[in-house]
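Note: the block below is target-v3.cif and it holds mmCIF, C-alpha atoms and all ligand atoms.
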data_data
#
loop_
_atom_site.label_atom_id
_atom_site.label_comp_id
_atom_site.auth_asym_id
_atom_site.auth_seq_id
_atom_site.Cartn_x
_atom_site.Cartn_y
_atom_site.Cartn_z
CA MET A 1 21.13 22.30 -9.10
CA ASP A 2 24.29 20.34 -9.89
CA SER A 3 24.21 19.89 -13.66
CA SER A 4 27.22 17.54 -13.86
CA ARG A 5 25.00 14.73 -12.64
CA PRO A 6 21.73 13.41 -14.12
CA MET A 7 18.70 15.04 -12.57
CA CYS A 8 16.68 12.95 -10.12
CA LEU A 9 13.27 14.28 -9.16
CA LEU A 10 10.35 12.99 -7.14
CA MET A 11 6.76 14.08 -7.74
CA ALA A 12 4.36 13.70 -4.85
CA GLY A 13 0.70 14.58 -4.65
CA SER A 14 -2.59 13.04 -3.66
CA PRO A 15 -4.88 11.18 -6.07
CA GLY A 16 -6.33 13.81 -8.41
CA SER A 17 -3.55 16.36 -7.80
CA GLY A 18 -2.40 16.17 -11.43
CA LYS A 19 0.99 14.66 -10.61
CA GLY A 20 0.83 12.18 -13.52
CA THR A 21 0.20 14.94 -16.07
CA HIS A 22 2.93 17.16 -14.66
CA SER A 23 5.48 14.36 -14.25
CA ARG A 24 5.09 13.38 -17.91
CA ARG A 25 5.38 16.98 -19.12
CA LEU A 26 8.46 17.65 -16.97
CA ALA A 27 10.22 14.44 -18.02
CA ASN A 28 9.57 15.34 -21.64
CA ASP A 29 10.90 18.91 -21.26
CA LEU A 30 14.01 17.81 -19.38
CA GLY A 31 14.72 14.73 -21.52
CA ILE A 32 14.68 12.41 -18.51
CA SER A 33 12.70 9.21 -17.88
CA HIS A 34 9.22 9.26 -16.40
CA ILE A 35 8.93 6.35 -13.99
CA ALA A 36 5.40 5.84 -12.66
CA THR A 37 4.92 3.02 -10.18
CA GLY A 38 1.33 2.48 -11.29
CA ASP A 39 2.51 1.84 -14.88
CA LEU A 40 5.36 -0.41 -13.70
CA LEU A 41 2.97 -2.54 -11.65
CA ARG A 42 0.56 -2.90 -14.56
CA GLU A 43 3.45 -3.88 -16.89
CA GLN A 44 4.74 -6.51 -14.46
CA VAL A 45 1.27 -7.97 -14.03
CA ALA A 46 0.65 -7.99 -17.79
CA ALA A 47 4.02 -9.70 -18.45
CA ASP A 48 3.19 -12.23 -15.71
CA THR A 49 6.64 -11.90 -14.06
CA PRO A 50 7.22 -13.38 -10.56
CA LEU A 51 7.09 -9.81 -9.21
CA GLY A 52 3.88 -9.12 -11.12
CA ARG A 53 2.26 -12.28 -9.79
CA GLU A 54 3.16 -11.33 -6.22
CA ALA A 55 1.92 -7.75 -6.64
CA LYS A 56 -1.33 -8.89 -8.23
CA VAL A 57 -2.43 -10.75 -5.10
CA TYR A 58 -2.44 -7.45 -3.19
CA MET A 59 -3.84 -5.34 -6.02
CA ASP A 60 -6.78 -7.72 -6.51
CA ARG A 61 -7.68 -7.30 -2.84
CA GLY A 62 -7.44 -3.50 -3.15
CA ASP A 63 -4.47 -3.46 -0.76
CA TYR A 64 -1.22 -1.54 -1.04
CA VAL A 65 1.61 -3.57 -2.52
CA PRO A 66 4.15 -4.27 0.28
CA ASP A 67 7.37 -2.24 0.55
CA LYS A 68 9.59 -5.18 -0.35
CA VAL A 69 7.87 -5.76 -3.69
CA MET A 70 7.87 -2.05 -4.51
CA VAL A 71 11.54 -1.66 -3.58
CA ASP A 72 12.56 -4.63 -5.76
CA MET A 73 10.57 -3.26 -8.66
CA ILE A 74 12.14 0.21 -8.43
CA ARG A 75 15.65 -1.23 -8.00
CA HIS A 76 15.14 -3.24 -11.18
CA ARG A 77 13.76 -0.23 -13.06
CA LEU A 78 16.59 2.12 -11.97
CA SER A 79 19.17 -0.40 -13.21
CA GLU A 80 17.89 -0.03 -16.78
CA PRO A 81 20.14 2.06 -19.08
CA ASP A 82 17.74 4.95 -19.67
CA ALA A 83 17.66 5.79 -15.94
CA GLU A 84 21.28 6.94 -16.23
CA LYS A 85 20.22 10.14 -18.00
CA GLY A 86 18.03 11.11 -15.03
CA PHE A 87 14.44 10.43 -14.05
CA ILE A 88 11.34 11.63 -12.32
CA LEU A 89 9.66 9.17 -9.98
CA ASP A 90 5.88 9.54 -10.00
CA GLY A 91 4.08 7.95 -7.05
CA TYR A 92 7.18 6.68 -5.27
CA PRO A 93 8.28 6.48 -2.47
CA ARG A 94 4.99 6.10 -0.61
CA THR A 95 6.39 5.07 2.78
CA GLN A 96 9.40 5.94 4.92
CA THR A 97 10.89 2.47 4.35
CA GLN A 98 10.68 2.98 0.59
CA ALA A 99 12.35 6.41 0.97
CA THR A 100 15.22 4.99 3.04
CA GLU A 101 15.76 2.14 0.55
CA LEU A 102 15.68 4.62 -2.34
CA ASP A 103 18.45 6.68 -0.70
CA LYS A 104 20.62 3.55 -0.54
CA MET A 105 19.92 2.62 -4.18
CA LEU A 106 20.76 6.11 -5.39
CA ALA A 107 23.96 6.19 -3.33
CA ASP A 108 25.01 2.93 -5.02
CA LEU A 109 24.33 4.53 -8.41
CA GLY A 110 26.22 7.72 -7.46
CA GLN A 111 23.01 9.74 -7.65
CA GLN A 112 20.88 11.71 -5.24
CA ILE A 113 17.49 13.41 -5.14
CA ASP A 114 17.63 16.97 -6.47
CA ALA A 115 14.10 17.98 -5.60
CA VAL A 116 10.85 16.60 -4.26
CA ILE A 117 7.92 18.43 -5.82
CA ILE A 118 4.75 18.30 -3.76
CA LEU A 119 1.64 19.31 -5.66
CA GLU A 120 -0.75 20.75 -3.11
CA VAL A 121 -4.45 20.90 -3.91
CA PRO A 122 -7.20 21.51 -1.30
CA VAL A 123 -9.34 18.49 -0.38
CA ASP A 124 -12.58 20.07 -1.63
CA GLU A 125 -11.05 20.76 -5.05
CA ILE A 126 -9.78 17.15 -5.29
CA VAL A 127 -13.21 15.80 -4.39
CA GLU A 128 -14.73 17.99 -7.09
CA ARG A 129 -12.12 17.00 -9.70
CA LEU A 130 -12.42 13.26 -9.07
CA SER A 131 -16.18 13.09 -8.66
CA ALA A 132 -16.52 14.87 -12.02
CA ARG A 133 -14.52 12.15 -13.81
CA ARG A 134 -16.43 9.80 -16.11
CA THR A 135 -15.24 6.94 -18.27
CA CYS A 136 -16.81 5.31 -21.31
CA PRO A 137 -17.21 1.58 -20.55
CA ALA A 138 -17.09 0.78 -24.30
CA CYS A 139 -13.90 2.58 -25.41
CA GLN A 140 -12.36 3.69 -22.05
CA ARG A 141 -12.25 7.34 -23.15
CA ALA A 142 -12.07 9.64 -20.12
CA TYR A 143 -14.17 12.77 -19.61
CA HIS A 144 -14.41 15.47 -16.99
CA MET A 145 -17.93 16.81 -16.53
CA ARG A 146 -16.65 20.28 -15.62
CA ASP A 147 -13.49 20.72 -17.71
CA ASP A 148 -13.95 18.33 -20.65
CA PRO A 149 -17.60 17.19 -20.86
CA PRO A 150 -19.08 15.12 -23.71
CA ALA A 151 -21.24 16.99 -26.25
CA ASP A 152 -24.37 15.00 -25.42
CA ASP A 153 -25.25 14.90 -21.70
CA GLU A 154 -23.52 11.85 -20.18
CA ARG A 155 -22.89 9.83 -23.34
CA CYS A 156 -19.58 9.07 -25.08
CA ASP A 157 -18.89 11.33 -28.09
CA ASP A 158 -17.38 8.40 -30.00
CA ASP A 159 -19.91 5.59 -29.48
CA GLY A 160 -22.84 6.99 -27.48
CA ALA A 161 -22.35 4.59 -24.53
CA PRO A 162 -23.62 5.96 -21.17
CA LEU A 163 -20.59 7.19 -19.17
CA GLU A 164 -19.76 5.66 -15.80
CA ARG A 165 -18.18 6.95 -12.61
CA ARG A 166 -15.51 4.75 -11.00
CA THR A 167 -16.70 3.66 -7.55
CA ASP A 168 -13.51 4.95 -5.95
CA ASP A 169 -14.25 8.41 -7.37
CA GLU A 170 -17.43 8.76 -5.29
CA PRO A 171 -17.01 11.73 -2.88
CA ASP A 172 -16.95 9.66 0.35
CA THR A 173 -14.43 7.23 -1.10
CA VAL A 174 -12.28 10.10 -2.38
CA ARG A 175 -12.18 11.65 1.12
CA HIS A 176 -11.13 8.28 2.53
CA ARG A 177 -8.40 7.85 -0.12
CA LEU A 178 -7.09 11.34 0.65
CA LYS A 179 -6.89 10.56 4.36
CA VAL A 180 -4.97 7.33 3.70
CA TYR A 181 -2.65 9.26 1.40
CA ALA A 182 -2.01 12.01 3.98
CA ASP A 183 -1.35 9.51 6.80
CA ARG A 184 1.09 7.50 4.71
CA THR A 185 3.06 10.30 3.10
CA ALA A 186 3.55 12.58 6.12
CA GLY A 187 6.63 10.55 7.11
CA VAL A 188 8.00 10.58 3.56
CA ILE A 189 7.77 14.37 3.35
CA GLU A 190 9.50 14.71 6.73
CA HIS A 191 12.25 12.41 5.44
CA TYR A 192 13.06 14.82 2.58
CA ASP A 193 12.38 18.06 4.48
CA VAL A 194 15.58 17.43 6.43
CA ASP A 195 17.64 17.81 3.24
CA SER A 196 15.80 20.98 2.14
CA VAL A 197 14.91 19.44 -1.22
CA VAL A 198 11.13 19.77 -0.80
CA ARG A 199 9.41 22.23 -3.18
CA ARG A 200 5.75 22.84 -2.39
CA VAL A 201 3.73 23.93 -5.40
CA ASN A 202 0.15 25.18 -5.31
CA GLY A 203 -1.62 22.87 -7.77
CA GLU A 204 -4.97 24.67 -7.79
CA ALA A 205 -4.82 26.32 -11.24
CA SER A 206 -4.85 25.46 -14.94
CA VAL A 207 -2.38 22.84 -16.20
CA ASP A 208 -0.28 25.56 -17.93
CA GLU A 209 -0.16 27.76 -14.84
CA VAL A 210 0.81 24.86 -12.56
CA ALA A 211 3.51 23.82 -15.07
CA LYS A 212 4.94 27.35 -14.87
CA ARG A 213 4.92 27.22 -11.06
CA ILE A 214 6.74 23.88 -11.07
CA ASP A 215 9.45 25.20 -13.41
CA GLU A 216 9.92 28.25 -11.18
CA ALA A 217 10.14 26.10 -8.05
CA LEU A 218 12.90 24.08 -9.76
CA GLY A 219 14.71 27.19 -10.96
CA LEU A 220 14.29 26.14 -14.62
ZN ZN B 301 -16.74 5.49 -25.86
#
Full structure transcribed into structure tokens:
Amino acid sequence: MDSSRPMCLLMAGSPGSGKGTHSRRLANDLGISHIATGDLLREQVAADTPLGREAKVYMDRGDYVPDKVMVDMIRHRLSEPDAEKGFILDGYPRTQTQATELDKMLADLGQQIDAVIILEVPVDEIVERLSARRTCPACQRAYHMRDDPPADDERCDDDGAPLERRTDDEPDTVRHRLKVYADRTAGVIEHYDVDSVVRRVNGEASVDEVAKRIDEALGL
């Protein structure tokens, strides 16, 4: 990798692939910014900006936020000073249009994508991971019934409230979400495959093991 330039990475992976966890860890290790579109959208909505108000209409309906809104949001974020030291984009781009627009933005900034990490996890494992997630409705603490269960059956360790499963973590819904993800991102992966920057990483292992695999794939 060209070290004279700030490092620009993309992290792709389906819901439940662990891309949020690994993006944060990697950004921390490399001293670059972690830019997650989910967080950006929530911030814009909370701050009640014009962009946030527009995005909220779609989010409230459970629809994807349109390319134009996403592109504007990322352009704004990448113009902030901390992006100059490099960044990892988590959950972006999601469509070919977003990828093409990102190329233009980076060219304007004198930057380019160094690597696109794709965390690959089999569908059955994702279904198991997500359907085992539980949240406490009282304090929002998250549990995993297989990897990080509460001490007492299905009750929160902190306040004893009965844990709940998000409706979009039900197995049938998870399979549907995975199909939507695969359909949408196939074109994005093709877009980057041309430049040989795609690094496929097997994400079916412990967090530490997957972190090691990611570092190896990046030559770190
Ligand atoms: Zn709780």
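Minimum atom-to-atom distance to ligand ZN 301 (chain B), evaluated using all atoms listed in the file, belongs to A:Ala142 out of A:Glu170, A:Ser196, A:Val180, A:Ala142.
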Residue with the minimum atom-to-atom distance to Glu125 of chain A, picked from A:His34, A:Arg184, A:Lys68, A:Arg146 with only C-alpha atoms counted, is A:Arg146
Contacts of chain A with ligand ZN 301 (chain B) up to 7 Å, shortest pair per row, all atoms listed in the file, as JSON lines:
{"residue": "A:Cys136", "atom": "CA", "partner": "B:ZN301", "partner_atom": "ZN", "distance": 4.6}
{"residue": "A:Pro137", "atom": "CA", "partner": "B:ZN301", "partner_atom": "ZN", "distance": 6.6}
{"residue": "A:Ala138", "atom": "CA", "partner": "B:ZN301", "partner_atom": "ZN", "distance": 5.0}
{"residue": "A:Cys139", "atom": "CA", "partner": "B:ZN301", "partner_atom": "ZN", "distance": 4.1}
{"residue": "A:Gln140", "atom": "CA", "partner": "B:ZN301", "partner_atom": "ZN", "distance": 6.1}
{"residue": "A:Arg141", "atom": "CA", "partner": "B:ZN301", "partner_atom": "ZN", "distance": 5.6}
{"residue": "A:Cys156", "atom": "CA", "partner": "B:ZN301", "partner_atom": "ZN", "distance": 4.6}
{"residue": "A:Asp157", "atom": "CA", "partner": "B:ZN301", "partner_atom": "ZN", "distance": 6.6}
{"residue": "A:Asp158", "atom": "CA", "partner": "B:ZN301", "partner_atom": "ZN", "distance": 5.1}
{"residue": "A:Asp159", "atom": "CA", "partner": "B:ZN301", "partner_atom": "ZN", "distance": 4.8}
{"residue": "A:Gly160", "atom": "CA", "partner": "B:ZN301", "partner_atom": "ZN", "distance": 6.5}
{"residue": "A:Ala161", "atom": "CA", "partner": "B:ZN301", "partner_atom": "ZN", "distance": 5.8}
Requested in this report: Name all residues at most 7 Å from segment 102-116 of chain A (count only C-alpha atoms; drop same-chain ones fewer than 3 positions away) and give them as a VMD selection string.
Outcome: chain A and resid 1 7 to 11 75 98 to 99 197 to 199
Per-axis box centre and lengths in Å around segment 162-176 of chain A, 3 Å margin per side, axis-aligned, as AutoDock Vina command-line options:
--center_x -17.4 --center_y 7.7 --center_z -9.3 --size_x 18.5 --size_y 14.1 --size_z 29.7
Nearest to Arg155 of chain A, restricted to all atoms listed in the file and choosing among A:Glu120, A:Lys85, A:Arg134, A:Met70, comes out as A:Arg134
10 Å contact set for Met73 of chain A, all atoms listed in the file, chain neighbours under 5 positions out, as a ChimeraX atom specification = /A:37,40-41,44,51-52,55,67-68,78
Give me the segment 104-220 of chain A side of the contact with segment 18-33 of chain A, cut-off 8 Å, one line per residue showing its nearest atom pair and distance in Å at one decimal, counting only C-alpha atoms, sorted by chain and residue number, as JSON lines.
{"residue": "A:Leu119", "atom": "CA", "partner": "A:Lys19", "partner_atom": "CA", "distance": 6.8}
{"residue": "A:Gly203", "atom": "CA", "partner": "A:Gly18", "partner_atom": "CA", "distance": 7.7}
{"residue": "A:Val207", "atom": "CA", "partner": "A:His22", "partner_atom": "CA", "distance": 7.9}
{"residue": "A:Ala211", "atom": "CA", "partner": "A:His22", "partner_atom": "CA", "distance": 6.7}
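Proximity to Val65 of chain A was assessed for A:Arg53, A:Lys179, A:Arg133, A:Arg213 counting all atoms listed in the file; the smallest distance is recorded for A:Arg53.
In this comparison, which uses all atoms listed in the file, the residue of A:Ala46, A:Met59, A:Ile35, A:Ile117 approaching Gly86 of chain A most closely is A:Ile35.
Coordinates place atom CA of Val127 of chain A at a distance of 5.8 Å from atom CA of Pro171 of chain A.
Distances to Asp215 of chain A were evaluated for A:Val201, A:Val174, A:Val121, A:Leu163 using all atoms listed in the file, and the minimum falls at A:Val201.
Straight-line separation from atom CA of Tyr92 of chain A to atom CA of Glu190 of chain A: 14.6 Å.
Within the 6 Å cut-off around Ile118 of chain A, using all atoms listed in the file and omitting residues fewer than 5 positions from it on the same chain, the listed residues are Ala12, Gly13, Arg200 and Val201 of chain A.
Put simply, atom CA of Tyr192 of chain A is 10.1 Å away from atom CA of Thr100 of chain A.
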What would segment 102-115 of chain A look like if you wrote it out as a PDB file, in the first residue's frame, with all heavy atoms included, from the block I just posted?
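Once everything was written out, this is decode38.pdb:
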ATOM      1  N   LEU A 102     -18.613   8.063  -5.089  1.00  0.00           N
ATOM      2  CA  LEU A 102     -17.510   8.049  -4.126  1.00  0.00           C
ATOM      3  C   LEU A 102     -16.165   8.176  -4.854  1.00  0.00           C
ATOM      4  O   LEU A 102     -15.275   8.913  -4.406  1.00  0.00           O
ATOM      5  CB  LEU A 102     -17.551   6.766  -3.288  1.00  0.00           C
ATOM      6  CG  LEU A 102     -16.448   6.617  -2.239  1.00  0.00           C
ATOM      7  CD1 LEU A 102     -16.505   7.726  -1.193  1.00  0.00           C
ATOM      8  CD2 LEU A 102     -16.538   5.247  -1.551  1.00  0.00           C
ATOM      9  N   ASP A 103     -16.027   7.481  -5.974  1.00  0.00           N
ATOM     10  CA  ASP A 103     -14.785   7.594  -6.770  1.00  0.00           C
ATOM     11  C   ASP A 103     -14.512   9.049  -7.136  1.00  0.00           C
ATOM     12  O   ASP A 103     -13.383   9.520  -7.039  1.00  0.00           O
ATOM     13  CB  ASP A 103     -14.900   6.778  -8.069  1.00  0.00           C
ATOM     14  CG  ASP A 103     -14.821   5.273  -7.822  1.00  0.00           C
ATOM     15  OD1 ASP A 103     -14.436   4.874  -6.706  1.00  0.00           O
ATOM     16  OD2 ASP A 103     -15.146   4.506  -8.753  1.00  0.00           O
ATOM     17  N   LYS A 104     -15.560   9.742  -7.556  1.00  0.00           N
ATOM     18  CA  LYS A 104     -15.404  11.158  -7.964  1.00  0.00           C
ATOM     19  C   LYS A 104     -14.983  12.015  -6.771  1.00  0.00           C
ATOM     20  O   LYS A 104     -14.087  12.850  -6.869  1.00  0.00           O
ATOM     21  CB  LYS A 104     -16.720  11.697  -8.536  1.00  0.00           C
ATOM     22  CG  LYS A 104     -17.063  11.153  -9.910  1.00  0.00           C
ATOM     23  CD  LYS A 104     -18.309  11.873 -10.447  1.00  0.00           C
ATOM     24  CE  LYS A 104     -19.165  10.956 -11.293  1.00  0.00           C
ATOM     25  NZ  LYS A 104     -20.567  11.401 -11.376  1.00  0.00           N
ATOM     26  N   MET A 105     -15.667  11.804  -5.625  1.00  0.00           N
ATOM     27  CA  MET A 105     -15.342  12.585  -4.419  1.00  0.00           C
ATOM     28  C   MET A 105     -13.893  12.388  -4.025  1.00  0.00           C
ATOM     29  O   MET A 105     -13.184  13.339  -3.703  1.00  0.00           O
ATOM     30  CB  MET A 105     -16.184  12.088  -3.235  1.00  0.00           C
ATOM     31  CG  MET A 105     -17.543  12.658  -3.122  1.00  0.00           C
ATOM     32  SD  MET A 105     -18.294  11.873  -1.640  1.00  0.00           S
ATOM     33  CE  MET A 105     -19.775  11.244  -2.360  1.00  0.00           C
ATOM     34  N   LEU A 106     -13.450  11.119  -4.029  1.00  0.00           N
ATOM     35  CA  LEU A 106     -12.084  10.821  -3.607  1.00  0.00           C
ATOM     36  C   LEU A 106     -11.082  11.419  -4.589  1.00  0.00           C
ATOM     37  O   LEU A 106     -10.042  11.943  -4.178  1.00  0.00           O
ATOM     38  CB  LEU A 106     -11.881   9.313  -3.461  1.00  0.00           C
ATOM     39  CG  LEU A 106     -12.681   8.670  -2.333  1.00  0.00           C
ATOM     40  CD1 LEU A 106     -12.426   7.166  -2.286  1.00  0.00           C
ATOM     41  CD2 LEU A 106     -12.329   9.285  -0.982  1.00  0.00           C
ATOM     42  N   ALA A 107     -11.397  11.374  -5.878  1.00  0.00           N
ATOM     43  CA  ALA A 107     -10.502  11.973  -6.879  1.00  0.00           C
ATOM     44  C   ALA A 107     -10.344  13.467  -6.597  1.00  0.00           C
ATOM     45  O   ALA A 107      -9.233  14.002  -6.647  1.00  0.00           O
ATOM     46  CB  ALA A 107     -11.059  11.731  -8.281  1.00  0.00           C
ATOM     47  N   ASP A 108     -11.449  14.134  -6.256  1.00  0.00           N
ATOM     48  CA  ASP A 108     -11.396  15.567  -5.921  1.00  0.00           C
ATOM     49  C   ASP A 108     -10.515  15.825  -4.705  1.00  0.00           C
ATOM     50  O   ASP A 108      -9.888  16.873  -4.588  1.00  0.00           O
ATOM     51  CB  ASP A 108     -12.807  16.108  -5.620  1.00  0.00           C
ATOM     52  CG  ASP A 108     -13.659  16.220  -6.886  1.00  0.00           C
ATOM     53  OD1 ASP A 108     -13.074  16.116  -7.987  1.00  0.00           O
ATOM     54  OD2 ASP A 108     -14.882  16.378  -6.753  1.00  0.00           O
ATOM     55  N   LEU A 109     -10.503  14.860  -3.772  1.00  0.00           N
ATOM     56  CA  LEU A 109      -9.725  15.019  -2.539  1.00  0.00           C
ATOM     57  C   LEU A 109      -8.289  14.502  -2.705  1.00  0.00           C
ATOM     58  O   LEU A 109      -7.503  14.529  -1.766  1.00  0.00           O
ATOM     59  CB  LEU A 109     -10.400  14.254  -1.388  1.00  0.00           C
ATOM     60  CG  LEU A 109     -11.778  14.740  -0.933  1.00  0.00           C
ATOM     61  CD1 LEU A 109     -12.444  13.707  -0.024  1.00  0.00           C
ATOM     62  CD2 LEU A 109     -11.668  16.068  -0.191  1.00  0.00           C
ATOM     63  N   GLY A 110      -7.967  13.982  -3.902  1.00  0.00           N
ATOM     64  CA  GLY A 110      -6.639  13.416  -4.137  1.00  0.00           C
ATOM     65  C   GLY A 110      -6.429  12.096  -3.417  1.00  0.00           C
ATOM     66  O   GLY A 110      -5.315  11.725  -3.073  1.00  0.00           O
ATOM     67  N   GLN A 111      -7.527  11.381  -3.182  1.00  0.00           N
ATOM     68  CA  GLN A 111      -7.438  10.094  -2.492  1.00  0.00           C
ATOM     69  C   GLN A 111      -8.011   8.987  -3.357  1.00  0.00           C
ATOM     70  O   GLN A 111      -8.666   9.254  -4.366  1.00  0.00           O
ATOM     71  CB  GLN A 111      -8.212  10.160  -1.159  1.00  0.00           C
ATOM     72  CG  GLN A 111      -7.626  11.176  -0.190  1.00  0.00           C
ATOM     73  CD  GLN A 111      -8.430  11.291   1.097  1.00  0.00           C
ATOM     74  OE1 GLN A 111      -9.569  10.872   1.168  1.00  0.00           O
ATOM     75  NE2 GLN A 111      -7.822  11.886   2.104  1.00  0.00           N
ATOM     76  N   GLN A 112      -7.741   7.761  -2.966  1.00  0.00           N
ATOM     77  CA  GLN A 112      -8.367   6.628  -3.644  1.00  0.00           C
ATOM     78  C   GLN A 112      -8.500   5.457  -2.684  1.00  0.00           C
ATOM     79  O   GLN A 112      -7.853   5.422  -1.645  1.00  0.00           O
ATOM     80  CB  GLN A 112      -7.577   6.223  -4.877  1.00  0.00           C
ATOM     81  CG  GLN A 112      -6.219   5.628  -4.566  1.00  0.00           C
ATOM     82  CD  GLN A 112      -5.410   5.361  -5.821  1.00  0.00           C
ATOM     83  OE1 GLN A 112      -5.029   6.289  -6.539  1.00  0.00           O
ATOM     84  NE2 GLN A 112      -5.148   4.106  -6.098  1.00  0.00           N
ATOM     85  N   ILE A 113      -9.362   4.505  -3.045  1.00  0.00           N
ATOM     86  CA  ILE A 113      -9.598   3.347  -2.178  1.00  0.00           C
ATOM     87  C   ILE A 113      -8.388   2.412  -2.205  1.00  0.00           C
ATOM     88  O   ILE A 113      -7.940   2.007  -3.275  1.00  0.00           O
ATOM     89  CB  ILE A 113     -10.843   2.564  -2.673  1.00  0.00           C
ATOM     90  CG1 ILE A 113     -12.102   3.445  -2.628  1.00  0.00           C
ATOM     91  CG2 ILE A 113     -11.046   1.296  -1.849  1.00  0.00           C
ATOM     92  CD1 ILE A 113     -12.499   3.886  -1.256  1.00  0.00           C
ATOM     93  N   ASP A 114      -7.865   2.086  -1.035  1.00  0.00           N
ATOM     94  CA  ASP A 114      -6.735   1.164  -0.949  1.00  0.00           C
ATOM     95  C   ASP A 114      -7.198  -0.284  -0.929  1.00  0.00           C
ATOM     96  O   ASP A 114      -6.556  -1.149  -1.501  1.00  0.00           O
ATOM     97  CB  ASP A 114      -5.925   1.443   0.318  1.00  0.00           C
ATOM     98  CG  ASP A 114      -5.218   2.779   0.235  1.00  0.00           C
ATOM     99  OD1 ASP A 114      -4.294   2.889  -0.573  1.00  0.00           O
ATOM    100  OD2 ASP A 114      -5.625   3.710   0.958  1.00  0.00           O
ATOM    101  N   ALA A 115      -8.268  -0.544  -0.224  1.00  0.00           N
ATOM    102  CA  ALA A 115      -8.761  -1.916  -0.138  1.00  0.00           C
ATOM    103  C   ALA A 115     -10.229  -1.932   0.246  1.00  0.00           C
ATOM    104  O   ALA A 115     -10.698  -1.062   0.976  1.00  0.00           O
ATOM    105  CB  ALA A 115      -7.952  -2.709   0.895  1.00  0.00           C
TER     106      ALA A 115
END
